[in-house]
Structures are given as structure tokens and as C-alpha cells.
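Chemist: So here's input_15.pdb, just PDB, C-alpha atoms and all ligand atoms:
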MODEL        1
ATOM      1  CA  MET A   9       2.020  -0.125  -0.758  1.00  0.00           C
ATOM      2  CA  ARG A  10       1.214  -1.700   2.576  1.00  0.00           C
ATOM      3  CA  ILE A  11      -2.278  -2.023   3.981  1.00  0.00           C
ATOM      4  CA  LEU A  12      -3.567  -2.951   7.430  1.00  0.00           C
ATOM      5  CA  VAL A  13      -6.939  -4.703   7.530  1.00  0.00           C
ATOM      6  CA  ILE A  14      -8.653  -4.740  10.933  1.00  0.00           C
ATOM      7  CA  GLU A  15     -11.604  -7.110  10.601  1.00  0.00           C
ATOM      8  CA  ASP A  16     -12.764  -9.756  13.059  1.00  0.00           C
ATOM      9  CA  GLU A  17     -14.815 -11.864  10.648  1.00  0.00           C
ATOM     10  CA  THR A  18     -12.117 -14.291   9.554  1.00  0.00           C
ATOM     11  CA  LYS A  19     -13.826 -15.111   6.277  1.00  0.00           C
ATOM     12  CA  VAL A  20     -14.227 -11.464   5.244  1.00  0.00           C
ATOM     13  CA  GLY A  21     -10.734 -10.555   6.439  1.00  0.00           C
ATOM     14  CA  CYS A  22      -9.050 -13.389   4.555  1.00  0.00           C
ATOM     15  CA  PHE A  23     -11.064 -12.606   1.429  1.00  0.00           C
ATOM     16  CA  ILE A  24      -9.948  -8.964   1.485  1.00  0.00           C
ATOM     17  CA  LYS A  25      -6.334  -9.926   2.228  1.00  0.00           C
ATOM     18  CA  ARG A  26      -6.202 -12.362  -0.674  1.00  0.00           C
ATOM     19  CA  ALA A  27      -7.773  -9.874  -3.115  1.00  0.00           C
ATOM     20  CA  LEU A  28      -5.343  -7.131  -2.084  1.00  0.00           C
ATOM     21  CA  GLU A  29      -2.338  -9.439  -2.337  1.00  0.00           C
ATOM     22  CA  GLU A  30      -3.394 -10.363  -5.854  1.00  0.00           C
ATOM     23  CA  GLU A  31      -3.069  -6.650  -6.629  1.00  0.00           C
ATOM     24  CA  SER A  32       0.495  -6.729  -5.200  1.00  0.00           C
ATOM     25  CA  TYR A  33      -0.257  -4.876  -1.972  1.00  0.00           C
ATOM     26  CA  ALA A  34       1.527  -6.054   1.179  1.00  0.00           C
ATOM     27  CA  VAL A  35      -1.192  -6.841   3.712  1.00  0.00           C
ATOM     28  CA  ASP A  36      -1.344  -7.356   7.478  1.00  0.00           C
ATOM     29  CA  LEU A  37      -4.583  -8.729   8.858  1.00  0.00           C
ATOM     30  CA  CYS A  38      -5.628  -8.193  12.471  1.00  0.00           C
ATOM     31  CA  GLU A  39      -8.808  -9.511  14.071  1.00  0.00           C
ATOM     32  CA  ASP A  40      -8.637  -7.546  17.318  1.00  0.00           C
ATOM     33  CA  GLY A  41      -9.361  -3.842  17.784  1.00  0.00           C
ATOM     34  CA  ALA A  42      -6.796  -2.949  20.449  1.00  0.00           C
ATOM     35  CA  LYS A  43      -4.030  -4.894  18.714  1.00  0.00           C
ATOM     36  CA  GLY A  44      -5.002  -3.287  15.394  1.00  0.00           C
ATOM     37  CA  LEU A  45      -4.618   0.193  16.864  1.00  0.00           C
ATOM     38  CA  GLN A  46      -1.172  -0.768  18.208  1.00  0.00           C
ATOM     39  CA  MET A  47      -0.128  -1.966  14.763  1.00  0.00           C
ATOM     40  CA  ALA A  48      -1.441   1.209  13.112  1.00  0.00           C
ATOM     41  CA  LEU A  49       0.553   3.343  15.547  1.00  0.00           C
ATOM     42  CA  ILE A  50       3.805   1.407  15.126  1.00  0.00           C
ATOM     43  CA  THR A  51       3.959   0.806  11.372  1.00  0.00           C
ATOM     44  CA  ASP A  52       3.746   3.433   8.640  1.00  0.00           C
ATOM     45  CA  TYR A  53       0.883   1.939   6.603  1.00  0.00           C
ATOM     46  CA  ASP A  54      -0.314   3.465   3.329  1.00  0.00           C
ATOM     47  CA  VAL A  55      -4.002   2.663   3.901  1.00  0.00           C
ATOM     48  CA  LEU A  56      -6.010   1.336   6.858  1.00  0.00           C
ATOM     49  CA  ILE A  57      -9.196  -0.677   6.349  1.00  0.00           C
ATOM     50  CA  VAL A  58     -11.152  -0.732   9.606  1.00  0.00           C
ATOM     51  CA  ASP A  59     -14.316  -2.638  10.504  1.00  0.00           C
ATOM     52  CA  LEU A  60     -16.483  -0.805  13.042  1.00  0.00           C
ATOM     53  CA  MET A  61     -17.702  -3.701  15.195  1.00  0.00           C
ATOM     54  CA  LEU A  62     -14.583  -5.282  16.710  1.00  0.00           C
ATOM     55  CA  PRO A  63     -13.646  -7.161  19.863  1.00  0.00           C
ATOM     56  CA  SER A  64     -11.730  -5.274  22.599  1.00  0.00           C
ATOM     57  CA  LEU A  65     -11.858  -1.852  20.845  1.00  0.00           C
ATOM     58  CA  PRO A  66     -14.468  -0.559  18.392  1.00  0.00           C
ATOM     59  CA  GLY A  67     -13.408   0.811  15.015  1.00  0.00           C
ATOM     60  CA  LEU A  68     -14.402   4.369  15.962  1.00  0.00           C
ATOM     61  CA  GLU A  69     -11.906   4.322  18.847  1.00  0.00           C
ATOM     62  CA  ILE A  70      -9.194   3.097  16.475  1.00  0.00           C
ATOM     63  CA  LEU A  71      -9.934   6.043  14.174  1.00  0.00           C
ATOM     64  CA  LYS A  72      -9.731   8.490  17.044  1.00  0.00           C
ATOM     65  CA  GLY A  73      -6.507   6.942  18.373  1.00  0.00           C
ATOM     66  CA  VAL A  74      -4.821   7.120  14.987  1.00  0.00           C
ATOM     67  CA  ARG A  75      -5.844  10.732  14.328  1.00  0.00           C
ATOM     68  CA  GLN A  76      -4.918  11.780  17.873  1.00  0.00           C
ATOM     69  CA  ALA A  77      -1.423  10.476  17.154  1.00  0.00           C
ATOM     70  CA  ARG A  78      -1.409  12.824  14.128  1.00  0.00           C
ATOM     71  CA  ILE A  79      -1.157   9.943  11.695  1.00  0.00           C
ATOM     72  CA  GLN A  80      -2.729  11.047   8.407  1.00  0.00           C
ATOM     73  CA  THR A  81      -2.863   7.616   6.727  1.00  0.00           C
ATOM     74  CA  PRO A  82      -6.055   7.295   4.639  1.00  0.00           C
ATOM     75  CA  ILE A  83      -8.682   5.217   6.469  1.00  0.00           C
ATOM     76  CA  LEU A  84     -11.562   3.336   4.890  1.00  0.00           C
ATOM     77  CA  ILE A  85     -14.230   2.012   7.237  1.00  0.00           C
ATOM     78  CA  LEU A  86     -16.391  -1.048   6.697  1.00  0.00           C
ATOM     79  CA  THR A  87     -19.938  -0.777   8.005  1.00  0.00           C
ATOM     80  CA  ALA A  88     -23.065  -2.891   8.040  1.00  0.00           C
ATOM     81  CA  GLN A  89     -26.110  -1.676   6.145  1.00  0.00           C
ATOM     82  CA  SER A  90     -27.886  -0.651   9.348  1.00  0.00           C
ATOM     83  CA  GLN A  91     -25.103   1.519  10.755  1.00  0.00           C
ATOM     84  CA  VAL A  92     -25.886   4.854   9.078  1.00  0.00           C
ATOM     85  CA  ASP A  93     -25.207   6.870  12.236  1.00  0.00           C
ATOM     86  CA  GLN A  94     -21.947   4.941  12.798  1.00  0.00           C
ATOM     87  CA  ARG A  95     -20.849   5.768   9.266  1.00  0.00           C
ATOM     88  CA  VAL A  96     -21.425   9.470   9.886  1.00  0.00           C
ATOM     89  CA  LYS A  97     -19.553   9.261  13.185  1.00  0.00           C
ATOM     90  CA  GLY A  98     -16.711   7.465  11.394  1.00  0.00           C
ATOM     91  CA  LEU A  99     -16.365  10.182   8.784  1.00  0.00           C
ATOM     92  CA  ASP A 100     -16.514  12.821  11.513  1.00  0.00           C
ATOM     93  CA  ALA A 101     -13.818  10.968  13.478  1.00  0.00           C
ATOM     94  CA  GLY A 102     -11.400  11.187  10.555  1.00  0.00           C
ATOM     95  CA  ALA A 103     -12.233   8.362   8.151  1.00  0.00           C
ATOM     96  CA  ASP A 104     -11.662   9.226   4.483  1.00  0.00           C
ATOM     97  CA  ASP A 105     -14.161   6.840   2.948  1.00  0.00           C
ATOM     98  CA  TYR A 106     -16.515   3.998   3.813  1.00  0.00           C
ATOM     99  CA  LEU A 107     -17.895   0.877   2.229  1.00  0.00           C
ATOM    100  CA  THR A 108     -21.096  -0.905   3.221  1.00  0.00           C
ATOM    101  CA  LYS A 109     -21.054  -4.676   3.657  1.00  0.00           C
ATOM    102  CA  PRO A 110     -21.597  -6.683   1.581  1.00  0.00           C
ATOM    103  CA  PHE A 111     -19.466  -4.953  -1.052  1.00  0.00           C
ATOM    104  CA  ALA A 112     -18.005  -5.808  -4.437  1.00  0.00           C
ATOM    105  CA  ILE A 113     -14.273  -6.388  -4.220  1.00  0.00           C
ATOM    106  CA  ASP A 114     -13.688  -4.330  -7.394  1.00  0.00           C
ATOM    107  CA  GLU A 115     -15.238  -1.339  -5.655  1.00  0.00           C
ATOM    108  CA  LEU A 116     -12.982  -1.808  -2.631  1.00  0.00           C
ATOM    109  CA  LEU A 117      -9.919  -1.934  -4.914  1.00  0.00           C
ATOM    110  CA  ALA A 118     -11.011   1.209  -6.813  1.00  0.00           C
ATOM    111  CA  ARG A 119     -11.581   3.085  -3.556  1.00  0.00           C
ATOM    112  CA  ILE A 120      -8.116   2.106  -2.309  1.00  0.00           C
ATOM    113  CA  ARG A 121      -6.527   3.383  -5.516  1.00  0.00           C
ATOM    114  CA  ALA A 122      -8.439   6.656  -5.049  1.00  0.00           C
ATOM    115  CA  LEU A 123      -7.213   6.943  -1.444  1.00  0.00           C
ATOM    116  CA  LEU A 124      -3.608   6.329  -2.524  1.00  0.00           C
ATOM    117  CA  ARG A 125      -3.974   9.067  -5.173  1.00  0.00           C
ATOM    118  CA  ARG A 126      -5.341  11.464  -2.590  1.00  0.00           C
ATOM    119  CA  GLY A 127      -2.436  10.683  -0.240  1.00  0.00           C
ATOM    120  CA  SER A 128       0.117  12.154  -2.620  1.00  0.00           C
ATOM    121  CA  THR A 129      -1.418  15.290  -4.085  1.00  0.00           C
ATOM    122  CA  GLU A 130       0.989  15.565  -6.993  1.00  0.00           C
ATOM    123  CA  SER A 131       0.473  12.077  -8.377  1.00  0.00           C
ATOM    124  CA  PRO A 132      -2.151  11.664 -11.080  1.00  0.00           C
ATOM    125  CA  GLY A 133      -3.677   8.314 -12.017  1.00  0.00           C
ATOM    126  CA  VAL A 134      -0.718   7.149 -14.089  1.00  0.00           C
ATOM    127  CA  LEU A 135       2.700   7.430 -12.442  1.00  0.00           C
ATOM    128  CA  GLN A 136       5.407   8.637 -14.815  1.00  0.00           C
ATOM    129  CA  ILE A 137       9.146   9.303 -14.655  1.00  0.00           C
ATOM    130  CA  ASP A 138      10.970  10.062 -17.903  1.00  0.00           C
ATOM    131  CA  ASP A 139       9.749   7.396 -20.360  1.00  0.00           C
ATOM    132  CA  LEU A 140       8.762   4.932 -17.618  1.00  0.00           C
ATOM    133  CA  ALA A 141       5.022   4.730 -16.867  1.00  0.00           C
ATOM    134  CA  LEU A 142       3.000   2.707 -14.367  1.00  0.00           C
ATOM    135  CA  ASN A 143      -0.793   2.566 -14.341  1.00  0.00           C
ATOM    136  CA  PRO A 144      -2.107   1.424 -10.914  1.00  0.00           C
ATOM    137  CA  ALA A 145      -5.581   0.701 -12.322  1.00  0.00           C
ATOM    138  CA  THR A 146      -4.410  -1.728 -15.015  1.00  0.00           C
ATOM    139  CA  ARG A 147      -1.044  -2.555 -13.393  1.00  0.00           C
ATOM    140  CA  GLU A 148       0.560  -1.993 -16.775  1.00  0.00           C
ATOM    141  CA  VAL A 149       4.193  -0.881 -16.818  1.00  0.00           C
ATOM    142  CA  THR A 150       5.875   0.495 -19.934  1.00  0.00           C
ATOM    143  CA  ARG A 151       9.219   2.039 -20.762  1.00  0.00           C
ATOM    144  CA  GLY A 152       9.524   3.954 -24.018  1.00  0.00           C
ATOM    145  CA  GLY A 153       6.107   2.557 -24.920  1.00  0.00           C
ATOM    146  CA  GLN A 154       7.327  -1.046 -24.550  1.00  0.00           C
ATOM    147  CA  ARG A 155       5.369  -3.214 -22.174  1.00  0.00           C
ATOM    148  CA  ILE A 156       7.376  -4.656 -19.243  1.00  0.00           C
ATOM    149  CA  ASP A 157       6.180  -7.789 -17.447  1.00  0.00           C
ATOM    150  CA  LEU A 158       6.846  -7.743 -13.715  1.00  0.00           C
ATOM    151  CA  THR A 159       6.157 -10.246 -10.962  1.00  0.00           C
ATOM    152  CA  SER A 160       3.840  -9.170  -8.165  1.00  0.00           C
ATOM    153  CA  LYS A 161       6.670  -8.156  -5.811  1.00  0.00           C
ATOM    154  CA  GLU A 162       8.654  -6.395  -8.543  1.00  0.00           C
ATOM    155  CA  TYR A 163       5.532  -4.404  -9.372  1.00  0.00           C
ATOM    156  CA  ALA A 164       4.944  -3.506  -5.718  1.00  0.00           C
ATOM    157  CA  LEU A 165       8.550  -2.362  -5.325  1.00  0.00           C
ATOM    158  CA  LEU A 166       8.419  -0.258  -8.497  1.00  0.00           C
ATOM    159  CA  GLU A 167       5.112   1.348  -7.469  1.00  0.00           C
ATOM    160  CA  TYR A 168       6.621   2.338  -4.118  1.00  0.00           C
ATOM    161  CA  LEU A 169       9.739   3.770  -5.798  1.00  0.00           C
ATOM    162  CA  MET A 170       7.634   5.682  -8.344  1.00  0.00           C
ATOM    163  CA  ARG A 171       5.367   7.184  -5.692  1.00  0.00           C
ATOM    164  CA  HIS A 172       8.507   8.579  -4.024  1.00  0.00           C
ATOM    165  CA  THR A 173      10.582   9.655  -7.025  1.00  0.00           C
ATOM    166  CA  GLY A 174      13.627  11.722  -6.134  1.00  0.00           C
ATOM    167  CA  ARG A 175      13.689  10.611  -2.509  1.00  0.00           C
ATOM    168  CA  VAL A 176      16.209   8.317  -0.854  1.00  0.00           C
ATOM    169  CA  LEU A 177      14.401   5.188   0.273  1.00  0.00           C
ATOM    170  CA  THR A 178      16.180   3.168   2.940  1.00  0.00           C
ATOM    171  CA  ARG A 179      15.904  -0.609   3.173  1.00  0.00           C
ATOM    172  CA  PRO A 180      13.738  -0.360   6.335  1.00  0.00           C
ATOM    173  CA  MET A 181      11.374   2.047   4.507  1.00  0.00           C
ATOM    174  CA  ILE A 182      11.156  -0.303   1.545  1.00  0.00           C
ATOM    175  CA  SER A 183      10.541  -3.371   3.703  1.00  0.00           C
ATOM    176  CA  GLU A 184       7.884  -1.504   5.701  1.00  0.00           C
ATOM    177  CA  HIS A 185       5.888  -0.501   2.626  1.00  0.00           C
ATOM    178  CA  VAL A 186       6.431  -3.412   0.238  1.00  0.00           C
ATOM    179  CA  TRP A 187       6.525  -6.438   2.531  1.00  0.00           C
ATOM    180  CA  ASN A 188       4.203  -7.430   5.380  1.00  0.00           C
ATOM    181  CA  GLN A 189       4.903  -8.301   9.009  1.00  0.00           C
ATOM    182  CA  ASP A 190       6.187 -11.774   8.110  1.00  0.00           C
ATOM    183  CA  PHE A 191       9.203 -10.231   6.348  1.00  0.00           C
ATOM    184  CA  ASP A 192      12.624 -11.143   7.750  1.00  0.00           C
ATOM    185  CA  THR A 193      14.616  -7.905   7.761  1.00  0.00           C
ATOM    186  CA  PHE A 194      17.929  -9.707   8.144  1.00  0.00           C
ATOM    187  CA  THR A 195      18.011 -10.922   4.565  1.00  0.00           C
ATOM    188  CA  ASN A 196      19.178  -9.268   1.367  1.00  0.00           C
ATOM    189  CA  VAL A 197      15.822  -9.833  -0.316  1.00  0.00           C
ATOM    190  CA  ILE A 198      15.374  -6.126  -1.063  1.00  0.00           C
ATOM    191  CA  ASP A 199      18.699  -5.905  -2.910  1.00  0.00           C
ATOM    192  CA  VAL A 200      17.828  -9.038  -4.853  1.00  0.00           C
ATOM    193  CA  TYR A 201      14.488  -7.551  -5.951  1.00  0.00           C
ATOM    194  CA  VAL A 202      16.037  -4.203  -6.846  1.00  0.00           C
ATOM    195  CA  ASN A 203      18.422  -6.112  -9.104  1.00  0.00           C
ATOM    196  CA  TYR A 204      15.548  -7.993 -10.751  1.00  0.00           C
ATOM    197  CA  LEU A 205      13.848  -4.669 -11.339  1.00  0.00           C
ATOM    198  CA  ARG A 206      17.008  -3.079 -12.748  1.00  0.00           C
ATOM    199  CA  ASN A 207      17.311  -5.877 -15.264  1.00  0.00           C
ATOM    200  CA  LYS A 208      13.804  -5.226 -16.497  1.00  0.00           C
ATOM    201  CA  ILE A 209      13.628  -1.426 -16.229  1.00  0.00           C
ATOM    202  CA  ASP A 210      17.131  -0.112 -16.902  1.00  0.00           C
ATOM    203  CA  ARG A 211      19.005  -2.765 -18.849  1.00  0.00           C
ATOM    204  CA  GLY A 212      19.592  -1.688 -22.438  1.00  0.00           C
ATOM    205  CA  HIS A 213      18.695   1.926 -21.675  1.00  0.00           C
ATOM    206  CA  SER A 214      21.457   4.559 -21.592  1.00  0.00           C
ATOM    207  CA  LYS A 215      19.482   6.606 -19.060  1.00  0.00           C
ATOM    208  CA  LYS A 216      19.363   4.722 -15.739  1.00  0.00           C
ATOM    209  CA  LEU A 217      16.439   5.405 -13.417  1.00  0.00           C
ATOM    210  CA  ILE A 218      17.184   3.176 -10.397  1.00  0.00           C
ATOM    211  CA  HIS A 219      20.129   4.490  -8.386  1.00  0.00           C
ATOM    212  CA  THR A 220      21.971   3.031  -5.423  1.00  0.00           C
ATOM    213  CA  ILE A 221      22.671   5.588  -2.702  1.00  0.00           C
ATOM    214  CA  ARG A 222      25.751   4.226  -0.928  1.00  0.00           C
ATOM    215  CA  GLY A 223      25.191   3.492   2.738  1.00  0.00           C
ATOM    216  CA  SER A 224      21.538   4.553   2.534  1.00  0.00           C
ATOM    217  CA  GLY A 225      19.355   2.728   0.060  1.00  0.00           C
ATOM    218  CA  TYR A 226      17.860   3.413  -3.328  1.00  0.00           C
ATOM    219  CA  MET A 227      16.382   6.271  -5.322  1.00  0.00           C
ATOM    220  CA  LEU A 228      14.369   6.495  -8.500  1.00  0.00           C
ATOM    221  CA  LYS A 229      15.317   9.590 -10.511  1.00  0.00           C
ATOM    222  CA  VAL A 230      16.380  10.883 -13.906  1.00  0.00           C
ATOM    223  CA  ASP A 231      20.096  11.636 -13.840  1.00  0.00           C
TER     224      ASP A 231
HETATM  225 CA    CA B   1     -17.044  -6.999  12.859  1.00  0.00          CA
ENDMDL
END
Let's see the structure in the file written out as C-alpha cells.
Ligand code: CA
Modeler:
Amino acid sequence: MRILVIEDETKVGCFIKRALEEESYAVDLCEDGAKGLQMALITDYDVLIVDLMLPSLPGLEILKGVRQARIQTPILILTAQSQVDQRVKGLDAGADDYLTKPFAIDELLARIRALLRRGSTESPGVLQIDDLALNPATREVTRGGQRIDLTSKEYALLEYLMRHTGRVLTRPMISEHVWNQDFDTFTNVIDVYVNYLRNKIDRGHSKKLIHTIRGSGYMLKVD
């Protein structure tokens, strides 16, 4: 899952980015309002975190620009204690949630999980396909009740596949949602990671869940 953080306070922005990356999210950080809106319009993010007071374009205008472009990505706004009216305006302009600074990072993470749940109506807290289960809150992955240890990127890739079970996911889609803007699309990194994941998820099981769709990409499904 890929998140855009638009926050001009470098310290706060870097703190959020680091905390999200520890949870295996791919994160782009932008410190400028107008540039942040451009990024939100170009890339298919899974969540946007938007500060209200920003240079060049205020957060409210970013919200409006995104919603005017009919982009339904969940948006969480960050506000200062004193900005009650701004918070209301933010929610009215299409924000899904808000958090008042200073905030506890655990609360931010819980709110992001809630927004991701809301994004896909059919997915409950724990993602499940056949005997494979992934719990976004604890980041625990099991198959047939057996715990599977994944690296951060393997986990991020599996979460993306599981949130889109039964759909063909192309390499550009995977790179857009699992890696950040520093990712070099001309490498075979995605195939390498899918193979790592196969070894941990499917090896030794007669029922394979990760499928290669020739000429297209990958799909998670029960055969
Ligand atoms: Ca600010």
C-alpha cells in the first residue's frame, strides 16, 4: 500500500515517513502543496496524508483538487489544535478523517488501517484467501495455521495481492502500490520478490495461490 504524505515540517514529515515504512507501507514525502497535488493526481495512491498549512497551496485546495478530479483515495488531514473551523472545512471538502497535532503515531497507524478497510468494502480486518491469512493490525501471516515470517517488502507485496484477490495485477500496478517514487521500473525486482513470496507461501502446498499471468503480471487466487 502506497501513501503520499504532504507535510512541510521536515521533522514531522520524516517522522511519519519512517513510522509508515516500518509498517511496510511505500511512502512518498512532499513538502510543497502544489507539487503534492500534482503527485496525488498522477499516482494512484492508497491513502493521502495532508497537512493544512502548506507553502504554495493550502491543504484544503489539495483536497478540492483531488476530489474534483474524481479521485476517491481516502484522505486524512493533519490540523493544529486551534484549527477547528479548518477541520470542519476539510471534512466538508472531502477528507475522510483528521488528526490533531501533536498526535500519537499508533493512532495515526490505526486510522490508516481503518481508511484502507473502508476503501475496499468487502475486506474485513483480517484478509483471507483459502487457508492463507494476513492480519494488517498485527502484520501476522499464516498459512494453514502455520506462521510465515516475511520481510517488510514481501509483506507489502502480499498485502497488495491479497487486497486484490482474483484480479490481474500488472508490474506497473505492483510497482505503483508497493514501491515509492525512487523505484527503478527497468529492473526485475518485482519478479524477484514474487519468487521470494512463492517460496514462503506456496512451496510445499499442493494448492498454489500465486499465479503468473503470461504477458500481464500476477494474480492471487484459488485454482
Ligand atoms: Ca504545515
Chemist: Using all atoms listed in the file, what does the table of stretch 57-152 of chain A residues within 8 Å of stretch 44-47 of chain A look like, with each row giving the shortest atom pair and its distance in Å to one decimal, sorted by chain and ascending number, as a tab-separated table?
Modeler:
residue	atom	partner	partner_atom	distance
A:Ile70	CA	A:Leu45	CA	5.4
A:Gly73	CA	A:Leu45	CA	7.2
A:Val74	CA	A:Leu45	CA	7.2
Chemist: Measuring atom to atom with only C-alpha atoms, identify which of A:Leu99, A:Val230, A:Ile221, A:Val20 is nearest to A:Ile113.
Modeler: A:Val20
Chemist: Using all atoms listed in the file, which residues sit within 8 Å of stretch 88-97 of chain A once same-chain residues fewer than 4 positions away are excluded, as a ChimeraX atom specification?
Modeler: /A:60,68,101,106,108-110
Chemist: Counting all atoms listed in the file, what are the residues, protein, DNA or RNA alike, that approach ligand CA 1 (chain B) to within 8 Å? I want them as a VMD selection string.
Modeler: chain A and resid 15 to 17 59 to 63
Chemist: Rank A:His219, A:Lys208, A:Arg26, A:Arg175 by their smallest atom-to-atom distance to A:Arg155, using only C-alpha atoms, and report the top residue only.
Modeler: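 Between A:His219, A:Lys208, A:Arg26, A:Arg175, the residue approaching A:Arg155 most closely is A:Lys208.
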Chemist: Taking into account all atoms listed in the file, which residue in the set A:Ala77, A:Ala42, A:Ile85, A:Leu166 is nearest to A:Val13?
Modeler: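 Distance minimum relative to A:Val13 lands on A:Ile85.
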Chemist: Within 8 Å of A:Ile137, counting only C-alpha atoms, which residues qualify if same-chain residues fewer than 6 places away don't, as a JSON list (two decimals) with C-alpha atoms, in the frame of the given file?
Modeler:
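Output file part-v9.json is given in full below:
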[["chain", "number", "residue", "atom", "x", "y", "z"],
["A", 170, "MET", "CA", 7.63, 5.68, -8.34],
["A", 173, "THR", "CA", 10.58, 9.65, -7.02],
["A", 229, "LYS", "CA", 15.32, 9.59, -10.51],
["A", 230, "VAL", "CA", 16.38, 10.88, -13.91]]
Chemist: One decimal, Å: what's the distance from atom CA of A:Arg121 over to atom CA of A:Gly174, could you say?
Modeler: 21.8 Å
Chemist: Adding 5 Å on each side of the box along x, y and z that holds all listed atoms of stretch 178-197 of chain A, could you give its centre and edge lengths in Å to one decimal, as AutoDock Vina command-line options?
Modeler:
--center_x 11.7 --center_y -4.3 --center_z 4.3 --size_x 25.0 --size_y 24.9 --size_z 19.3
Chemist: Applying 6 Å and all atoms listed in the file, which residues near A:Ser32 remain after dropping the ones on its own chain fewer than 2 positions away? List them as a list in words.
Modeler: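 The neighbour list is Glu29, Glu30, Ser160 and Ala164 of chain A.
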Chemist: Measure the distance from atom CA of A:Val58 to atom CA of A:Met9 in Å and round it to one decimal.
Modeler: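 Taking atom CA of A:Val58 and atom CA of A:Met9, their separation equals 16.8 Å.
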Chemist: Atom CA of A:Gly225 to atom CA of A:Leu177: how many Å, to one decimal?
Modeler: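 Interatomic distance, atom CA of A:Gly225 to atom CA of A:Leu177: 5.5 Å.
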Chemist: Between A:Thr178, A:Gln136, A:Thr87, A:Gln80, which is the closest to A:Leu124 once you count all atoms listed in the file?
Modeler: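 Selected residue with least distance to A:Leu124: A:Gln80.
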Chemist: Using all atoms listed in the file, find the one residue out of A:Leu84, A:Glu31, A:Ile182, A:Asn188 that sits nearest to A:Ala145.
Modeler: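 Among the listed residues, the smallest separation from A:Ala145 belongs to A:Glu31.
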Chemist: Ranking A:Gln189, A:Gly152, A:Ser224, A:Phe111 by minimum distance to A:Asp139 and counting only C-alpha atoms, which one comes first?
Modeler: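 The shortest atom-to-atom distance to A:Asp139 comes from A:Gly152.
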Chemist: Please provide as a PyMOL selection string all residues within 10 Å of A:Glu184, with the sequence filter that same-chain residues fewer than 6 positions apart are discarded (counting only C-alpha atoms).
Modeler: chain A and resi 9-10+34+51-54+178+191+193
Chemist: Take the PyMOL selection byres (((chain A and resi 134) around 12) and not hetatm), run it mentally on this structure, and tell me the resulting residues as an MDAnalysis selection string.
Modeler: chainID A and resid 121:122 124:125 130:133 135:137 140:150 167 170:171
Chemist: Output C-alpha atoms of each residue in that selection to a file, as a PDB file, in the frame of the given file.
Modeler:
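Saved the output as selection_1.pdb:
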ATOM      1  CA  ARG A 121      -6.527   3.383  -5.516  1.00  0.00           C
ATOM      2  CA  ALA A 122      -8.439   6.656  -5.049  1.00  0.00           C
ATOM      3  CA  LEU A 124      -3.608   6.329  -2.524  1.00  0.00           C
ATOM      4  CA  ARG A 125      -3.974   9.067  -5.173  1.00  0.00           C
ATOM      5  CA  GLU A 130       0.989  15.565  -6.993  1.00  0.00           C
ATOM      6  CA  SER A 131       0.473  12.077  -8.377  1.00  0.00           C
ATOM      7  CA  PRO A 132      -2.151  11.664 -11.080  1.00  0.00           C
ATOM      8  CA  GLY A 133      -3.677   8.314 -12.017  1.00  0.00           C
ATOM      9  CA  LEU A 135       2.700   7.430 -12.442  1.00  0.00           C
ATOM     10  CA  GLN A 136       5.407   8.637 -14.815  1.00  0.00           C
ATOM     11  CA  ILE A 137       9.146   9.303 -14.655  1.00  0.00           C
ATOM     12  CA  LEU A 140       8.762   4.932 -17.618  1.00  0.00           C
ATOM     13  CA  ALA A 141       5.022   4.730 -16.867  1.00  0.00           C
ATOM     14  CA  LEU A 142       3.000   2.707 -14.367  1.00  0.00           C
ATOM     15  CA  ASN A 143      -0.793   2.566 -14.341  1.00  0.00           C
ATOM     16  CA  PRO A 144      -2.107   1.424 -10.914  1.00  0.00           C
ATOM     17  CA  ALA A 145      -5.581   0.701 -12.322  1.00  0.00           C
ATOM     18  CA  THR A 146      -4.410  -1.728 -15.015  1.00  0.00           C
ATOM     19  CA  ARG A 147      -1.044  -2.555 -13.393  1.00  0.00           C
ATOM     20  CA  GLU A 148       0.560  -1.993 -16.775  1.00  0.00           C
ATOM     21  CA  VAL A 149       4.193  -0.881 -16.818  1.00  0.00           C
ATOM     22  CA  THR A 150       5.875   0.495 -19.934  1.00  0.00           C
ATOM     23  CA  GLU A 167       5.112   1.348  -7.469  1.00  0.00           C
ATOM     24  CA  MET A 170       7.634   5.682  -8.344  1.00  0.00           C
ATOM     25  CA  ARG A 171       5.367   7.184  -5.692  1.00  0.00           C
TER      26      ARG A 171
END
Chemist: List the spatial neighbours of A:Ile198 as number ranges by chain - criterion: any atom at most 9 Å away, all atoms listed in the file, same-chain residues fewer than 6 positions off excluded.
Modeler: A: 165, 179, 182-183
Chemist: Evaluate the PyMOL selection byres (((chain A and resi 83) around 7) and not hetatm) here and jot the selected residues down as a PyMOL selection string.
Modeler: chain A and resi 55-57+81-82+84-85+103-105
Chemist: Keeping only C-alpha atoms, write those residues as a short mmCIF file (atom, residue, chain, number, x, y, z; two decimals), in the coordinates of the input.
Modeler:
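Saved as out_37.cif:
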data_model
loop_
_atom_site.label_atom_id
_atom_site.label_comp_id
_atom_site.auth_asym_id
_atom_site.auth_seq_id
_atom_site.Cartn_x
_atom_site.Cartn_y
_atom_site.Cartn_z
CA VAL A 55 -4.00 2.66 3.90
CA LEU A 56 -6.01 1.34 6.86
CA ILE A 57 -9.20 -0.68 6.35
CA THR A 81 -2.86 7.62 6.73
CA PRO A 82 -6.06 7.30 4.64
CA LEU A 84 -11.56 3.34 4.89
CA ILE A 85 -14.23 2.01 7.24
CA ALA A 103 -12.23 8.36 8.15
CA ASP A 104 -11.66 9.23 4.48
CA ASP A 105 -14.16 6.84 2.95
#
Chemist: Using the atoms already present, construct N, CA and C atoms for stretch 48-55 of chain A and hand them back as a PDB file, in the coordinates of the input.
Modeler:
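Writing the result to part23.pdb gives the following:
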ATOM      1  N   ALA A  48      -1.302  -0.014  13.914  1.00  0.00           N
ATOM      2  CA  ALA A  48      -1.441   1.209  13.112  1.00  0.00           C
ATOM      3  C   ALA A  48      -0.542   2.320  13.648  1.00  0.00           C
ATOM      4  N   LEU A  49      -0.285   2.303  14.955  1.00  0.00           N
ATOM      5  CA  LEU A  49       0.553   3.343  15.547  1.00  0.00           C
ATOM      6  C   LEU A  49       2.037   3.058  15.339  1.00  0.00           C
ATOM      7  N   ILE A  50       2.389   1.782  15.217  1.00  0.00           N
ATOM      8  CA  ILE A  50       3.805   1.407  15.126  1.00  0.00           C
ATOM      9  C   ILE A  50       4.316   1.435  13.694  1.00  0.00           C
ATOM     10  N   THR A  51       3.496   0.947  12.758  1.00  0.00           N
ATOM     11  CA  THR A  51       3.959   0.806  11.372  1.00  0.00           C
ATOM     12  C   THR A  51       3.368   1.899  10.486  1.00  0.00           C
ATOM     13  N   ASP A  52       4.176   2.367   9.545  1.00  0.00           N
ATOM     14  CA  ASP A  52       3.746   3.433   8.640  1.00  0.00           C
ATOM     15  C   ASP A  52       2.980   2.838   7.454  1.00  0.00           C
ATOM     16  N   TYR A  53       1.705   2.520   7.671  1.00  0.00           N
ATOM     17  CA  TYR A  53       0.883   1.939   6.603  1.00  0.00           C
ATOM     18  C   TYR A  53       0.497   3.001   5.576  1.00  0.00           C
ATOM     19  N   ASP A  54       0.117   2.538   4.376  1.00  0.00           N
ATOM     20  CA  ASP A  54      -0.314   3.465   3.329  1.00  0.00           C
ATOM     21  C   ASP A  54      -1.831   3.620   3.320  1.00  0.00           C
ATOM     22  N   VAL A  55      -2.541   2.596   3.760  1.00  0.00           N
ATOM     23  CA  VAL A  55      -4.002   2.663   3.901  1.00  0.00           C
ATOM     24  C   VAL A  55      -4.407   1.761   5.068  1.00  0.00           C
TER      25      VAL A  55
END
